[in-house]
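Q: Okay, here's the structure, questions in a sec.
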Amino acid sequence: MARSWLEVTTGEVQSRIGASERLAERREAIADQAWSAIEGWVAQAFQAAGERIGRREFRVAGDSEYAVARCGIYAPGAVEHDPRVAFHEAEFDAYQPLVVLRRKADGAGAPVESRTLRVSALDETALNDFLNG
């Protein structure tokens with residue numbers, strides 16, 4: 001017996017709603033883990049590096065489409081618009097337990113270096129090595 005178009009569509013919608021709910025739960029769990037790390041020790045490590053390097057501002061950002069949290073130290077300027085701005089930042093992925101560490105030296109021609117780690121592999125040693133490198 002053939003199923004109606006409405007039955008098929010309703011089933012697909014229900015399965016997608018279930019998938020969306022699971023993704024939202026996963027994102028929330030990852031966000032909790034990221035903010036716990038940032039508030040616990042990551043922010044302190046970035047602030048200490050900012051004081052050591054000098055002329056660096058510590059910033060924290062919340063949700064975006066791809067990240068649940070981002071924090072870092074930035075030279076003065078609009079890092080989003082000015083390719084000369086130096087920075088060190090950590091971005092916690094929204095759907096996978098990953099953190100992307102990025103850094104860039106002063107100057108428009110300086111390349112952005114990045115490293116991706118599992119959140120469970122991010123510890124004070126790994127972060128300090130990244131900040132000092």
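In the structure tokens, chains take letters A, B, ... by order of appearance, with residues numbered from 1 within each chain and ligands from 1 in the order shown.
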If you run DSSP on the backbone, which residues of stretch 24-129 of chain A are strand (DSSP E or B), as a PyMOL selection string?
A: chain A and resi 57-61+67-74+87-93+98-104+112-118
Q: I'd like the neighbourhood of A:Ile30 as a ChimeraX atom specification, where a residue qualifies if any of its atoms comes within 12 Å (using only C-alpha atoms), though same-chain residues fewer than 6 positions away should be ignored.
A: /A:23-24,36-37,63,66-69,91-99,118-120
Q: Just to be explicit: take each residue in the selection above, keep N, CA, C and O atoms, and write the result as a PDB file, in the first residue's frame.
A:
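Writing the result to again-v2.pdb gives the following:
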```pdb
ATOM      1  N   LEU A  23      21.670  17.768  18.056  1.00  0.00           N
ATOM      2  CA  LEU A  23      22.766  18.696  17.786  1.00  0.00           C
ATOM      3  C   LEU A  23      22.783  19.842  18.799  1.00  0.00           C
ATOM      4  O   LEU A  23      23.846  20.263  19.254  1.00  0.00           O
ATOM      5  N   ALA A  24      21.613  20.348  19.154  1.00  0.00           N
ATOM      6  CA  ALA A  24      21.535  21.428  20.141  1.00  0.00           C
ATOM      7  C   ALA A  24      22.039  20.955  21.504  1.00  0.00           C
ATOM      8  O   ALA A  24      22.759  21.688  22.195  1.00  0.00           O
ATOM      9  N   SER A  36      33.891  26.271  30.843  1.00  0.00           N
ATOM     10  CA  SER A  36      34.541  25.799  32.067  1.00  0.00           C
ATOM     11  C   SER A  36      36.058  25.930  31.948  1.00  0.00           C
ATOM     12  O   SER A  36      36.735  26.387  32.880  1.00  0.00           O
ATOM     13  N   ALA A  37      36.595  25.540  30.802  1.00  0.00           N
ATOM     14  CA  ALA A  37      38.046  25.653  30.583  1.00  0.00           C
ATOM     15  C   ALA A  37      38.473  27.111  30.520  1.00  0.00           C
ATOM     16  O   ALA A  37      39.484  27.505  31.121  1.00  0.00           O
ATOM     17  N   ASP A  63      28.917  32.709  21.270  1.00  0.00           N
ATOM     18  CA  ASP A  63      28.424  31.913  20.143  1.00  0.00           C
ATOM     19  C   ASP A  63      28.615  32.566  18.780  1.00  0.00           C
ATOM     20  O   ASP A  63      28.411  33.757  18.607  1.00  0.00           O
ATOM     21  N   TYR A  66      29.874  28.628  13.978  1.00  0.00           N
ATOM     22  CA  TYR A  66      30.761  27.471  14.030  1.00  0.00           C
ATOM     23  C   TYR A  66      31.478  27.273  15.359  1.00  0.00           C
ATOM     24  O   TYR A  66      32.135  26.259  15.546  1.00  0.00           O
ATOM     25  N   ALA A  67      31.394  28.233  16.251  1.00  0.00           N
ATOM     26  CA  ALA A  67      32.125  28.138  17.510  1.00  0.00           C
ATOM     27  C   ALA A  67      31.208  28.479  18.681  1.00  0.00           C
ATOM     28  O   ALA A  67      30.335  29.330  18.565  1.00  0.00           O
ATOM     29  N   VAL A  68      31.439  27.809  19.806  1.00  0.00           N
ATOM     30  CA  VAL A  68      30.664  28.117  21.004  1.00  0.00           C
ATOM     31  C   VAL A  68      31.364  29.166  21.852  1.00  0.00           C
ATOM     32  O   VAL A  68      30.742  29.838  22.660  1.00  0.00           O
ATOM     33  N   ALA A  69      32.676  29.318  21.671  1.00  0.00           N
ATOM     34  CA  ALA A  69      33.430  30.309  22.436  1.00  0.00           C
ATOM     35  C   ALA A  69      34.747  30.588  21.734  1.00  0.00           C
ATOM     36  O   ALA A  69      35.299  29.726  21.048  1.00  0.00           O
ATOM     37  N   GLU A  91      39.669  28.945  19.611  1.00  0.00           N
ATOM     38  CA  GLU A  91      38.271  28.884  19.198  1.00  0.00           C
ATOM     39  C   GLU A  91      37.755  27.471  19.438  1.00  0.00           C
ATOM     40  O   GLU A  91      38.313  26.510  18.909  1.00  0.00           O
ATOM     41  N   PHE A  92      36.713  27.359  20.237  1.00  0.00           N
ATOM     42  CA  PHE A  92      36.134  26.060  20.564  1.00  0.00           C
ATOM     43  C   PHE A  92      35.021  25.741  19.576  1.00  0.00           C
ATOM     44  O   PHE A  92      34.052  26.482  19.471  1.00  0.00           O
ATOM     45  N   ASP A  93      35.185  24.638  18.836  1.00  0.00           N
ATOM     46  CA  ASP A  93      34.240  24.225  17.803  1.00  0.00           C
ATOM     47  C   ASP A  93      32.867  23.970  18.413  1.00  0.00           C
ATOM     48  O   ASP A  93      32.744  23.491  19.535  1.00  0.00           O
ATOM     49  N   ALA A  94      31.824  24.264  17.634  1.00  0.00           N
ATOM     50  CA  ALA A  94      30.454  24.155  18.130  1.00  0.00           C
ATOM     51  C   ALA A  94      29.918  22.730  18.171  1.00  0.00           C
ATOM     52  O   ALA A  94      29.057  22.423  18.978  1.00  0.00           O
ATOM     53  N   TYR A  95      30.400  21.844  17.310  1.00  0.00           N
ATOM     54  CA  TYR A  95      29.780  20.523  17.220  1.00  0.00           C
ATOM     55  C   TYR A  95      30.722  19.355  17.430  1.00  0.00           C
ATOM     56  O   TYR A  95      30.287  18.217  17.470  1.00  0.00           O
ATOM     57  N   GLN A  96      32.011  19.633  17.544  1.00  0.00           N
ATOM     58  CA  GLN A  96      32.987  18.582  17.795  1.00  0.00           C
ATOM     59  C   GLN A  96      33.856  19.018  18.965  1.00  0.00           C
ATOM     60  O   GLN A  96      34.088  20.206  19.141  1.00  0.00           O
ATOM     61  N   PRO A  97      34.355  18.082  19.744  1.00  0.00           N
ATOM     62  CA  PRO A  97      35.186  18.469  20.900  1.00  0.00           C
ATOM     63  C   PRO A  97      36.599  18.866  20.454  1.00  0.00           C
ATOM     64  O   PRO A  97      37.585  18.196  20.762  1.00  0.00           O
ATOM     65  N   LEU A  98      36.667  19.966  19.698  1.00  0.00           N
ATOM     66  CA  LEU A  98      37.937  20.443  19.155  1.00  0.00           C
ATOM     67  C   LEU A  98      38.152  21.897  19.541  1.00  0.00           C
ATOM     68  O   LEU A  98      37.192  22.653  19.700  1.00  0.00           O
ATOM     69  N   VAL A  99      39.419  22.272  19.646  1.00  0.00           N
ATOM     70  CA  VAL A  99      39.786  23.667  19.831  1.00  0.00           C
ATOM     71  C   VAL A  99      40.827  24.005  18.765  1.00  0.00           C
ATOM     72  O   VAL A  99      41.735  23.224  18.516  1.00  0.00           O
ATOM     73  N   ARG A 118      42.112  18.146  20.177  1.00  0.00           N
ATOM     74  CA  ARG A 118      40.919  17.720  20.901  1.00  0.00           C
ATOM     75  C   ARG A 118      40.875  18.516  22.198  1.00  0.00           C
ATOM     76  O   ARG A 118      41.908  18.848  22.756  1.00  0.00           O
ATOM     77  N   VAL A 119      39.700  18.863  22.655  1.00  0.00           N
ATOM     78  CA  VAL A 119      39.572  19.632  23.891  1.00  0.00           C
ATOM     79  C   VAL A 119      40.226  18.879  25.046  1.00  0.00           C
ATOM     80  O   VAL A 119      40.870  19.485  25.901  1.00  0.00           O
ATOM     81  N   SER A 120      40.125  17.563  25.035  1.00  0.00           N
ATOM     82  CA  SER A 120      40.735  16.772  26.110  1.00  0.00           C
ATOM     83  C   SER A 120      42.261  16.838  26.079  1.00  0.00           C
ATOM     84  O   SER A 120      42.911  16.599  27.091  1.00  0.00           O
TER      85      SER A 120
END
```
Q: Which one is closest to A:Asp32: A:Ser15, A:Gly62, A:Arg103, A:Arg52? Count only C-alpha atoms.
A: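 Closest candidate: A:Gly62.
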Q: Quick one: residues within 8 Å of stretch 44-48 of chain A, only C-alpha atoms, excluding same-chain residues fewer than 2 positions away - as a list of chain:residue names?
A: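 Close residues of stretch 44-48 of chain A: A:Gly40, A:Trp41, A:Val42, A:Gly50, A:Glu51, A:Arg52, A:Phe58, A:Gly72, A:Ile73, A:Glu124, A:Leu127, A:Asn128, A:Leu131.
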Q: For A:Ile53, which of A:Ala75, A:Glu80, A:Pro111, A:Ala19 is the closest residue, counting only C-alpha atoms?
A: A:Ala75
Q: Could you tell me which of A:Glu12, A:Asp129, A:Asp82, A:Glu28 comes closest to A:Gly107 if we count only C-alpha atoms?
A: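 Of all the options, A:Asp82 lies closest to A:Gly107.
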